[in-house]
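**Student:** For reference, the file coords_26.txt (compact mmCIF, C-alpha atoms and all ligand atoms) is included below:
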```
# COMPACT_ATOMS: atom_id res chain seq x y z
CA MET A 1 5.24 2.87 47.19
CA GLY A 2 6.13 -0.30 45.23
CA HIS A 3 8.73 -0.32 42.51
CA TYR A 4 6.41 -1.83 39.93
CA SER A 5 3.07 -0.56 38.67
CA SER A 6 -0.07 -1.63 40.50
CA ARG A 7 -1.44 -3.14 37.29
CA MET A 8 1.07 -5.99 37.60
CA ASP A 9 -0.44 -6.96 40.96
CA THR A 10 -3.69 -8.14 39.41
CA MET A 11 -2.30 -9.76 36.25
CA PRO A 12 -3.08 -13.51 36.36
CA VAL A 13 -0.01 -15.77 36.02
CA SER A 14 0.27 -18.43 33.34
CA PHE A 15 -1.34 -21.56 34.70
CA LEU A 16 0.63 -23.93 32.47
CA ARG A 17 4.07 -22.74 33.53
CA GLU A 18 3.11 -23.20 37.17
CA ILE A 19 1.67 -26.68 36.91
CA LEU A 20 4.34 -28.08 34.64
CA LYS A 21 6.83 -27.35 37.44
CA ALA A 22 4.84 -29.83 39.52
CA ALA A 23 4.83 -32.62 36.95
CA ASN A 24 7.21 -35.56 37.21
CA SER A 25 10.11 -35.45 34.82
CA GLY A 26 9.69 -37.54 31.70
CA LYS A 27 7.14 -37.48 28.94
CA ILE A 28 4.02 -35.50 29.75
CA ILE A 29 0.70 -35.93 28.01
CA SER A 30 -0.66 -32.42 27.93
CA PHE A 31 -4.33 -31.72 27.38
CA ALA A 32 -3.58 -28.31 28.89
CA GLY A 33 -2.27 -26.51 25.79
CA GLY A 34 -4.21 -24.54 23.26
CA LEU A 35 -1.85 -24.71 20.30
CA PRO A 36 -2.76 -25.50 16.72
CA ASP A 37 -1.35 -28.78 15.34
CA GLU A 38 2.02 -27.84 13.87
CA SER A 39 1.87 -30.64 11.30
CA LEU A 40 -0.81 -28.52 9.60
CA PHE A 41 1.32 -25.41 9.12
CA PRO A 42 1.75 -24.76 5.39
CA GLY A 43 5.53 -24.43 5.70
CA ASN A 44 6.41 -25.15 2.09
CA ASP A 45 3.74 -22.89 0.62
CA LEU A 46 4.86 -20.10 2.98
CA LYS A 47 8.46 -20.67 1.92
CA ASN A 48 7.51 -20.23 -1.73
CA ALA A 49 5.38 -17.16 -0.95
CA SER A 50 8.17 -15.58 1.10
CA ILE A 51 10.69 -16.08 -1.72
CA LYS A 52 8.28 -14.36 -4.10
CA VAL A 53 7.73 -11.42 -1.71
CA LEU A 54 11.47 -10.96 -1.24
CA GLU A 55 12.25 -11.37 -4.93
CA GLU A 56 9.56 -9.03 -6.17
CA GLN A 57 8.86 -6.52 -3.39
CA SER A 58 11.71 -6.69 -0.90
CA ALA A 59 12.15 -2.92 -0.47
CA LYS A 60 8.48 -2.50 0.38
CA ALA A 61 8.31 -5.59 2.60
CA LEU A 62 11.36 -4.63 4.63
CA GLN A 63 10.47 -0.95 5.09
CA TYR A 64 8.32 0.70 7.79
CA THR A 65 4.69 0.97 6.75
CA VAL A 66 1.34 2.44 7.78
CA THR A 67 -0.23 1.46 11.11
CA GLU A 68 -3.59 0.39 9.61
CA GLY A 69 -2.03 -2.56 7.79
CA TYR A 70 -1.29 -3.83 4.28
CA GLN A 71 -4.19 -2.72 2.10
CA PRO A 72 -4.49 -5.90 -0.05
CA LEU A 73 -4.68 -7.95 3.16
CA ARG A 74 -7.42 -5.69 4.55
CA GLU A 75 -9.26 -6.17 1.26
CA TRP A 76 -8.91 -9.96 1.44
CA ILE A 77 -10.34 -10.00 4.98
CA ALA A 78 -13.27 -7.78 3.94
CA GLU A 79 -14.03 -10.08 0.98
CA ARG A 80 -13.78 -13.14 3.23
CA TYR A 81 -16.57 -11.82 5.50
CA TYR A 82 -18.76 -11.31 2.45
CA LYS A 83 -17.99 -14.78 1.15
CA THR A 84 -18.43 -16.63 4.45
CA ARG A 85 -21.14 -14.59 6.20
CA GLY A 86 -22.65 -12.34 3.53
CA MET A 87 -21.45 -9.43 5.67
CA THR A 88 -20.35 -6.20 4.05
CA VAL A 89 -17.25 -4.69 5.65
CA SER A 90 -15.10 -1.92 4.21
CA PRO A 91 -11.30 -2.42 4.32
CA SER A 92 -11.16 0.96 6.10
CA GLU A 93 -13.07 -0.67 8.98
CA ILE A 94 -10.23 -3.17 9.47
CA LEU A 95 -7.07 -2.65 11.53
CA ILE A 96 -4.36 -5.30 11.21
CA THR A 97 -2.92 -6.26 14.61
CA SER A 98 -0.08 -8.39 15.93
CA GLY A 99 -2.39 -11.32 16.63
CA SER A 100 -5.84 -10.84 18.10
CA GLN A 101 -4.11 -10.81 21.49
CA GLN A 102 -2.82 -7.34 20.63
CA ALA A 103 -6.35 -6.35 19.64
CA LEU A 104 -7.45 -7.08 23.22
CA ASP A 105 -4.65 -4.91 24.59
CA LEU A 106 -5.52 -2.03 22.25
CA ILE A 107 -9.19 -2.25 23.14
CA GLY A 108 -8.21 -2.12 26.82
CA LYS A 109 -6.09 0.98 26.17
CA VAL A 110 -8.84 2.76 24.28
CA PHE A 111 -11.76 1.92 26.58
CA ILE A 112 -10.77 1.05 30.13
CA ASN A 113 -10.07 3.39 33.01
CA LYS A 114 -9.14 1.98 36.40
CA GLY A 115 -12.21 0.53 38.11
CA ASP A 116 -14.46 0.52 35.01
CA PRO A 117 -16.91 -2.38 35.08
CA LEU A 118 -16.27 -4.87 32.28
CA LEU A 119 -18.28 -8.00 31.54
CA MET A 120 -16.66 -11.32 30.59
CA GLU A 121 -17.96 -14.80 30.02
CA GLY A 122 -17.38 -17.20 32.90
CA PRO A 123 -15.57 -19.35 31.94
CA GLY A 124 -13.90 -17.20 29.28
CA TYR A 125 -10.62 -16.75 27.44
CA LEU A 126 -7.76 -16.40 29.92
CA GLY A 127 -5.73 -14.21 27.54
CA ALA A 128 -8.56 -11.66 27.52
CA ILE A 129 -8.64 -11.64 31.32
CA GLN A 130 -4.87 -11.06 31.27
CA ALA A 131 -4.99 -8.33 28.61
CA PHE A 132 -7.84 -6.39 30.22
CA SER A 133 -6.48 -6.84 33.77
CA ALA A 134 -3.54 -4.61 32.85
CA PHE A 135 -5.96 -1.68 32.77
CA GLU A 136 -7.35 -2.49 36.23
CA PRO A 137 -11.05 -2.78 35.42
CA THR A 138 -13.62 -4.38 37.67
CA LEU A 139 -14.15 -7.69 35.87
CA ILE A 140 -17.60 -9.22 36.25
CA SER A 141 -18.14 -12.72 34.89
CA ILE A 142 -21.47 -13.89 33.50
CA PRO A 143 -22.06 -17.66 33.34
CA VAL A 144 -22.12 -19.37 29.95
CA ASN A 145 -24.69 -22.07 29.27
CA GLN A 146 -24.70 -24.65 26.47
CA ASP A 147 -26.38 -22.13 24.11
CA GLY A 148 -24.44 -19.01 25.10
CA ILE A 149 -24.26 -16.36 27.78
CA ASP A 150 -26.90 -16.41 30.53
CA ILE A 151 -29.32 -13.69 29.39
CA PRO A 152 -31.12 -12.95 32.70
CA LEU A 153 -27.76 -12.62 34.50
CA LEU A 154 -26.43 -10.45 31.67
CA GLU A 155 -29.45 -8.20 32.04
CA LYS A 156 -28.66 -7.79 35.75
CA ALA A 157 -24.97 -7.09 35.09
CA LEU A 158 -25.84 -4.42 32.51
CA LEU A 159 -27.16 -2.34 35.42
CA HIS A 160 -23.48 -1.64 36.21
CA ASN A 161 -23.36 0.26 32.89
CA PRO A 162 -20.24 -1.60 31.67
CA LYS A 163 -18.24 -0.19 28.77
CA LEU A 164 -17.52 -3.60 27.28
CA LEU A 165 -18.87 -7.13 27.11
CA TYR A 166 -16.23 -9.61 25.88
CA LEU A 167 -17.42 -12.92 24.39
CA GLY A 168 -16.74 -15.67 21.84
CA SER A 169 -19.90 -16.54 19.97
CA SER A 170 -18.48 -19.49 17.97
CA PHE A 171 -16.53 -22.37 19.55
CA GLN A 172 -15.73 -20.28 22.59
CA ASN A 173 -12.48 -20.85 24.48
CA PRO A 174 -12.60 -22.83 26.83
CA THR A 175 -16.03 -24.49 26.41
CA SER A 176 -16.28 -24.74 22.57
CA ILE A 177 -19.97 -23.82 22.79
CA CYS A 178 -21.68 -21.71 20.13
CA TYR A 179 -24.31 -19.09 20.84
CA SER A 180 -27.74 -20.07 19.50
CA GLU A 181 -29.54 -17.68 17.14
CA ASN A 182 -32.05 -17.07 19.91
CA ILE A 183 -29.36 -16.00 22.41
CA LYS A 184 -27.62 -13.83 19.82
CA ASN A 185 -30.90 -12.05 19.02
CA ARG A 186 -31.82 -11.56 22.67
CA LEU A 187 -28.35 -10.31 23.48
CA ALA A 188 -28.41 -7.85 20.57
CA SER A 189 -31.79 -6.45 21.54
CA GLN A 190 -30.67 -6.12 25.17
CA LEU A 191 -27.47 -4.31 24.23
CA ALA A 192 -29.03 -2.07 21.57
CA SER A 193 -30.26 0.52 24.05
CA THR A 194 -27.16 0.52 26.29
CA ASN A 195 -23.73 2.21 26.11
CA THR A 196 -22.00 -1.16 26.19
CA PHE A 197 -19.80 -2.28 23.28
CA ILE A 198 -19.50 -5.98 22.49
CA VAL A 199 -16.06 -7.43 21.81
CA GLU A 200 -16.81 -10.50 19.69
CA ASP A 201 -13.68 -12.66 19.54
CA ASP A 202 -13.99 -14.94 16.52
CA ALA A 203 -10.60 -16.69 16.78
CA TYR A 204 -12.23 -20.09 16.05
CA GLY A 205 -15.00 -19.09 13.61
CA GLU A 206 -13.37 -20.88 10.66
CA LEU A 207 -12.96 -24.14 12.60
CA SER A 208 -16.44 -25.69 12.35
CA PHE A 209 -16.18 -29.40 11.63
CA ASP A 210 -18.95 -29.36 9.04
CA GLY A 211 -17.54 -26.37 7.15
CA THR A 212 -20.49 -24.08 7.89
CA TYR A 213 -20.27 -20.60 9.37
CA LYS A 214 -22.21 -19.28 12.33
CA SER A 215 -23.71 -15.83 12.03
CA LEU A 216 -21.99 -13.09 14.00
CA ILE A 217 -23.39 -10.69 16.60
CA LYS A 218 -21.54 -8.08 14.52
CA GLN A 219 -24.21 -8.62 11.84
CA LEU A 220 -26.99 -7.85 14.30
CA LEU A 221 -25.36 -4.84 16.01
CA PRO A 222 -22.72 -3.59 13.55
CA ASP A 223 -22.00 -0.21 15.17
CA LYS A 224 -21.64 -1.56 18.67
CA THR A 225 -19.66 -4.69 17.99
CA ILE A 226 -15.88 -4.85 17.77
CA LEU A 227 -15.08 -8.05 15.92
CA LEU A 228 -11.71 -9.80 16.26
CA GLY A 229 -10.19 -12.26 13.81
CA SER A 230 -6.86 -14.01 13.38
CA PHE A 231 -4.73 -16.04 10.98
CA SER A 232 -3.31 -17.98 13.93
CA LYS A 233 -5.68 -20.96 13.73
CA ILE A 234 -5.91 -21.12 9.94
CA ILE A 235 -2.33 -20.40 8.80
CA SER A 236 0.19 -19.95 11.63
CA PRO A 237 0.19 -18.35 15.10
CA GLY A 238 3.91 -17.61 14.90
CA LEU A 239 3.37 -15.00 12.18
CA ARG A 240 1.36 -12.99 14.74
CA ILE A 241 -1.21 -11.45 12.39
CA GLY A 242 -4.80 -10.78 13.43
CA TRP A 243 -7.29 -7.97 12.96
CA ILE A 244 -10.05 -5.80 14.39
CA VAL A 245 -13.27 -4.89 12.55
CA ALA A 246 -15.03 -1.80 13.92
CA GLU A 247 -16.66 1.34 12.64
CA GLU A 248 -14.19 3.86 11.19
CA SER A 249 -14.05 6.42 14.02
CA LEU A 250 -13.19 3.66 16.48
CA ILE A 251 -10.63 2.18 14.07
CA ARG A 252 -8.94 5.62 14.05
CA LYS A 253 -8.69 5.60 17.86
CA LEU A 254 -7.40 2.02 17.92
CA THR A 255 -4.89 2.93 15.19
CA LEU A 256 -3.55 5.75 17.35
CA ALA A 257 -3.20 3.36 20.28
CA LYS A 258 -1.43 0.82 18.06
CA GLN A 259 0.93 3.46 16.67
CA ALA A 260 2.17 4.14 20.18
CA THR A 261 2.58 0.41 20.83
CA ASP A 262 4.45 -0.96 17.79
CA LEU A 263 3.99 1.45 14.83
CA HIS A 264 2.63 -1.43 12.74
CA SER A 265 2.49 -5.22 12.63
CA SER A 266 5.23 -7.00 10.70
CA ASN A 267 4.96 -5.70 7.14
CA PHE A 268 6.79 -8.71 5.76
CA ASN A 269 4.44 -11.14 7.51
CA GLN A 270 1.37 -9.28 6.25
CA MET A 271 2.68 -9.37 2.67
CA LEU A 272 3.70 -13.00 3.09
CA ILE A 273 0.20 -14.00 4.22
CA CYS A 274 -1.31 -12.06 1.33
CA GLN A 275 0.98 -13.74 -1.19
CA TYR A 276 0.22 -17.14 0.33
CA LEU A 277 -3.54 -16.50 0.11
CA LYS A 278 -3.19 -15.42 -3.53
CA GLU A 279 -1.08 -18.38 -4.64
CA ASN A 280 -2.89 -21.14 -2.76
CA ASN A 281 -6.38 -22.36 -2.00
CA PRO A 282 -7.04 -21.29 1.62
CA ASP A 283 -10.46 -23.01 1.67
CA LYS A 284 -8.82 -26.33 0.85
CA HIS A 285 -6.25 -25.78 3.59
CA ILE A 286 -8.88 -24.78 6.15
CA ASN A 287 -10.90 -27.87 5.24
CA THR A 288 -7.87 -30.05 5.93
CA ILE A 289 -7.53 -28.43 9.37
CA ARG A 290 -11.23 -28.94 10.10
CA GLN A 291 -11.13 -32.63 9.14
CA HIS A 292 -8.01 -33.24 11.17
CA TYR A 293 -9.45 -31.57 14.29
CA GLN A 294 -12.74 -33.38 13.83
CA TYR A 295 -10.87 -36.68 13.72
CA LYS A 296 -8.97 -35.83 16.92
CA MET A 297 -12.07 -34.55 18.69
CA GLN A 298 -13.96 -37.77 17.81
CA LEU A 299 -11.06 -39.89 19.06
CA LEU A 300 -11.00 -38.01 22.39
CA TYR A 301 -14.80 -38.05 22.64
CA ASP A 302 -15.04 -41.82 22.01
CA THR A 303 -12.16 -42.52 24.42
CA LEU A 304 -13.74 -40.42 27.18
CA CYS A 305 -17.20 -41.93 26.56
CA LYS A 306 -15.73 -45.40 27.08
CA ALA A 307 -13.70 -44.47 30.16
CA LEU A 308 -16.05 -42.14 32.05
CA PRO A 309 -18.99 -43.19 34.19
CA PRO A 310 -22.28 -42.85 32.25
CA SER A 311 -23.44 -40.21 34.76
CA ILE A 312 -21.02 -37.72 33.21
CA ALA A 313 -22.48 -36.27 30.03
CA ILE A 314 -19.93 -35.06 27.50
CA HIS A 315 -20.89 -32.16 25.31
CA LYS A 316 -19.59 -32.96 21.83
CA PRO A 317 -18.20 -29.82 20.20
CA GLU A 318 -19.10 -28.85 16.63
CA GLY A 319 -15.77 -27.12 16.09
CA GLY A 320 -12.77 -25.55 17.80
CA MET A 321 -9.96 -27.19 19.73
CA PHE A 322 -11.34 -28.25 23.13
CA ILE A 323 -13.72 -30.58 24.95
CA TYR A 324 -14.99 -28.99 28.16
CA LEU A 325 -15.97 -31.64 30.70
CA ASN A 326 -18.44 -30.68 33.41
CA LEU A 327 -17.59 -32.80 36.43
CA PRO A 328 -20.00 -33.68 39.23
CA PRO A 329 -19.68 -31.37 42.28
CA SER A 330 -18.21 -34.27 44.29
CA VAL A 331 -15.05 -34.28 42.15
CA ASN A 332 -12.49 -31.66 43.13
CA ALA A 333 -10.72 -30.54 39.92
CA ASP A 334 -7.55 -29.50 41.81
CA GLU A 335 -7.25 -32.87 43.52
CA LEU A 336 -7.92 -34.59 40.20
CA LEU A 337 -5.15 -32.53 38.61
CA ASP A 338 -2.74 -33.51 41.42
CA LYS A 339 -3.51 -37.17 40.73
CA CYS A 340 -3.10 -36.67 36.98
CA LEU A 341 0.24 -34.93 37.49
CA LYS A 342 1.54 -38.01 39.30
CA HIS A 343 0.79 -39.87 36.03
CA ASN A 344 2.34 -37.09 33.91
CA LEU A 345 -1.00 -35.98 32.59
CA VAL A 346 -2.21 -32.36 32.62
CA PHE A 347 -5.39 -30.42 31.81
CA VAL A 348 -6.66 -27.00 32.87
CA PRO A 349 -9.27 -26.75 35.67
CA GLY A 350 -12.11 -24.46 34.61
CA LYS A 351 -11.59 -22.07 37.51
CA TYR A 352 -8.57 -20.56 35.74
CA PHE A 353 -10.89 -19.16 33.08
CA PHE A 354 -12.47 -16.81 35.59
CA PRO A 355 -11.11 -13.38 36.63
CA ASP A 356 -11.02 -14.61 40.22
CA PRO A 357 -10.53 -18.41 40.36
CA GLY A 358 -11.78 -18.34 43.95
CA LEU A 359 -15.17 -17.15 42.70
CA ALA A 360 -15.47 -19.57 39.77
CA THR A 361 -18.81 -21.22 39.10
CA GLY A 362 -19.37 -24.70 37.68
CA ASN A 363 -16.91 -27.56 37.89
CA GLY A 364 -15.44 -27.91 34.43
CA ILE A 365 -12.08 -28.90 33.05
CA ARG A 366 -10.68 -27.97 29.62
CA VAL A 367 -9.23 -30.80 27.58
CA ASN A 368 -7.39 -29.78 24.42
CA PHE A 369 -7.14 -32.17 21.46
CA SER A 370 -5.73 -30.05 18.62
CA CYS A 371 -2.05 -30.40 19.49
CA VAL A 372 -2.12 -33.86 21.11
CA PRO A 373 -0.90 -36.85 19.02
CA PRO A 374 -3.62 -39.51 18.43
CA GLU A 375 -1.82 -42.17 20.53
CA ASP A 376 -1.61 -39.71 23.45
CA ILE A 377 -5.30 -38.85 23.04
CA ILE A 378 -6.17 -42.53 23.48
CA HIS A 379 -3.72 -43.20 26.30
CA GLY A 380 -4.29 -39.88 28.12
CA GLY A 381 -8.07 -39.91 27.57
CA THR A 382 -8.35 -43.44 28.99
CA LEU A 383 -6.24 -42.46 32.01
CA LEU A 384 -8.17 -39.25 32.60
CA GLY A 385 -11.47 -41.13 32.40
CA ARG A 386 -10.20 -43.78 34.84
CA LEU A 387 -8.97 -41.18 37.35
CA ILE A 388 -12.26 -39.26 37.17
CA SER A 389 -14.21 -42.53 37.65
CA GLU A 390 -12.12 -43.31 40.73
CA GLU A 391 -12.87 -39.85 42.18
CA VAL A 392 -16.59 -40.32 41.48
CA ASN A 393 -16.56 -43.79 43.08
CA THR A 394 -14.70 -42.76 46.23
CA SER A 395 -17.10 -39.85 46.77
CA SER A 396 -20.27 -41.94 46.35
N1 LIG A 401 -8.77 -15.19 21.37
C1 LIG A 401 -8.95 -16.46 21.72
C2 LIG A 401 -10.31 -16.90 22.12
C3 LIG A 401 -7.88 -17.36 21.73
O1 LIG A 401 -8.09 -18.62 22.12
C4 LIG A 401 -6.60 -16.91 21.35
C5 LIG A 401 -5.37 -17.79 21.36
N2 LIG A 401 -5.50 -19.07 21.63
C6 LIG A 401 -6.46 -15.57 20.98
C7 LIG A 401 -7.56 -14.74 20.99
C8 LIG A 401 -5.13 -14.99 20.61
O2 LIG A 401 -4.77 -15.43 19.35
P1 LIG A 401 -3.75 -14.68 18.42
O3 LIG A 401 -3.17 -13.53 19.17
O4 LIG A 401 -2.73 -15.70 18.07
O5 LIG A 401 -4.55 -14.21 17.24
```
Please go through the file and, once you have read it, give me the structure as C-alpha cells.
Ligand code: PMP

**Tutor:**
Amino acid sequence: MGHYSSRMDTMPVSFLREILKAANSGKIISFAGGLPDESLFPGNDLKNASIKVLEEQSAKALQYTVTEGYQPLREWIAERYYKTRGMTVSPSEILITSGSQQALDLIGKVFINKGDPLLMEGPGYLGAIQAFSAFEPTLISIPVNQDGIDIPLLEKALLHNPKLLYLGSSFQNPTSICYSENIKNRLASQLASTNTFIVEDDAYGELSFDGTYKSLIKQLLPDKTILLGSFSKIISPGLRIGWIVAEESLIRKLTLAKQATDLHSSNFNQMLICQYLKENNPDKHINTIRQHYQYKMQLLYDTLCKALPPSIAIHKPEGGMFIYLNLPPSVNADELLDKCLKHNLVFVPGKYFFPDPGLATGNGIRVNFSCVPPEDIIHGGTLLGRLISEEVNTSS
C-alpha cells in the first residue's frame, strides 16, 4: 500500500511550473498566466480601508468569527445580484469562502463519492478539474461550442445520472465564450427533471467589455444551481475572498464542510473588502478594469489578425482575460509550444483544460492578455502569429 492517499495519484500537476522549467533563461513573454493586472489593484484605497477597520473595529476584525461569513458583506453581495441581474438572493443563501477555489473544494466534499460521474466542460477550468479530482470522481467532459455547451452531447452524458455539471456561462475559462440565451434555456429545461446540480462559476461575470451583464442559469433553475462568485478579478485575488450562492439547506451542509476546513475565511479581509466597498465606488473601479482589459484584448486581437494566416479565424471575446485560438488540425500545439519556448514565449495548449489531456478534443491554445504588458502583447503576439504561420506553411 502506498504511503500517500490514492487521490493524489489523479491530481493534475500545474502546467505552468512544468513548462517554465523548459524555457530558456532570460525574459519570458508569458501568455500562459491567468492573473489579473496588478497595476489595477486598488492598493491605496485598501490601505485607507484597512486603517479604518483596525482603528474602529480591531477587536472584531482580529477575532475568530462565524463560518458563514461577515453579514454586511453577504448583504452587499445579495444587493449586487439584484442591482446587476435583477435576481433576488437572501444573505442567508450566501456562504463566504476563501476564494471561489475553496468553493469548488467544498462542493467536492459535500457531493462527490469515489467514482461518481461528474460532468465538466471540455475545455474547462483547470482549477475545477484539480479541486474535484481530489474526490476521485469519474470526470466526463462535454465539448463547448461558440454559444455554450454542446446540448445533444450533454443530453447523452446525463444518462450517467451525474451529481454535478460544472460550467462557466459568462467568459468561460479558457475559451472566453458566453452561453447564448437559447443554450441556457435548453440546458435548464434538460436539467430540470434530473438529479443533477449545476455549478455555475461566475468568476468573470463582471468583466464584460461593454459593461452589460449576462443572465445566469441560476435565474432559470434557482434551486438546482450552485452559483460561485469572487472578488479576485474585481478587487484582489490575494485577499482570497469568494462566495457560494445556494439554497439554505445546501448552504448549511457547505458551512459544515467549511468549518472542518478552515473555521472561516479571513475575518479581517472580509471586513476590509466591506469597508472598501462602502468608502469607494466599485462600479467606477470595475469599469476601469473592463476598459483596460478591452484595450489589451484589442491589441492582442489586432496583432494576431495581422500575423496569422487568414485561414485562422479568431473569435473576439466580449469580456474576460483570454483569447482562445482554434488552430488547424495540421498544427501540433505541443510542437508549437516547443518552438515558442526556444523564443522565450509561452501559452497553454488547450489539452490541459481537459480531465485527461490524452482525450482532449479540438486544437485550441489559450492566450492570456490581462497580465501581459502592451509591448509584450505586440512583440509576443507577432512572434506567436509568425510561428503558427510557419507551422501551417510547412504542413501544407
Ligand atoms: N473559477 C475560475 C473560472 C477561475 O478562472 C478562477 C481563477 N482564475 C477561479 C475560479 C478561482 O478564483 P479565486 O479562488 O481567486 O476566486

**Student:** Please find the residues contacting ligand LIG 401 (chain A) at a distance of at most 6 Å between atoms, with only C-alpha atoms and all ligand atoms counted, and report them as number ranges by chain.

**Tutor:** A: 34, 99-101, 125, 173, 201, 203, 230, 232, 237, 240, 242

**Student:** Kindly indicate which residue among A:Ser395, A:Asn267, A:Ser189, A:Asn113 lies nearest to Glu136 (chain A), using all atoms listed in the file for the distances.

**Tutor:**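 Under the stated criterion, the closest residue is A:Asn113.
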
**Student:** Which residue is closest to Gly127 (chain A)? Choose from A:Leu227, A:Ile151, A:Ile289, A:Met11 and count only C-alpha atoms.

**Tutor:**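 Of A:Leu227, A:Ile151, A:Ile289, A:Met11, the one nearest Gly127 (chain A), counting only C-alpha atoms, is A:Met11.
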
**Student:** At what distance in Å, to one decimal, does CA of Asn281 (chain A) lie from CA of Ser58 (chain A)?

**Tutor:**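 Taking CA of Ser58 (chain A) and CA of Asn281 (chain A), their separation equals 24.0 Å.
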
**Student:** Considering all atoms listed in the file, state which residue in the set A:Cys305, A:Leu167, A:Ile94, A:Leu325 is at the smallest distance from Ser141 (chain A).

**Tutor:**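 Nearest to Ser141 (chain A): A:Leu167.
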
**Student:** My list of candidates is A:Gly350, A:Pro309, A:Gly108, A:Pro91. Which is closest to Ile388 (chain A) when distances are computed with all atoms listed in the file?

**Tutor:**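 Smallest separation from Ile388 (chain A) among the options: A:Pro309.
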
**Student:** Separation of CA of Ile149 (chain A) and CA of Pro222 (chain A), in Å?

**Tutor:**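 Here the two named atoms are 19.2 Å from each other.
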
**Student:** Calculate how many Å separate CA of Lys296 (chain A) from CA of Leu216 (chain A), rounding to one decimal.

**Tutor:**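 About the pair CA of Lys296 (chain A) and CA of Leu216 (chain A): they are 26.4 Å apart.
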
**Student:** I'd like to know which of A:Tyr204, A:Tyr64, A:Phe231, A:Trp76 is closest to Pro174 (chain A), using only C-alpha atoms.

**Tutor:**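 Of A:Tyr204, A:Tyr64, A:Phe231, A:Trp76, the one nearest Pro174 (chain A), counting only C-alpha atoms, is A:Tyr204.
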
**Student:** Would you list the residues near (-4.4, 1.2, 36.5), meaning any protein, DNA or RNA residue with an atom at most 12 Å from that point in file coordinates, counting all atoms listed in the file, as a list in words?

**Tutor:** Tyr4, Ser5, Ser6, Arg7, Met8, Asp9, Thr10, Met11, Gly108, Lys109, Ile112, Asn113, Lys114, Gly115, Asp116, Phe132, Ser133, Ala134, Phe135, Glu136, Pro137 and Thr138 of chain A
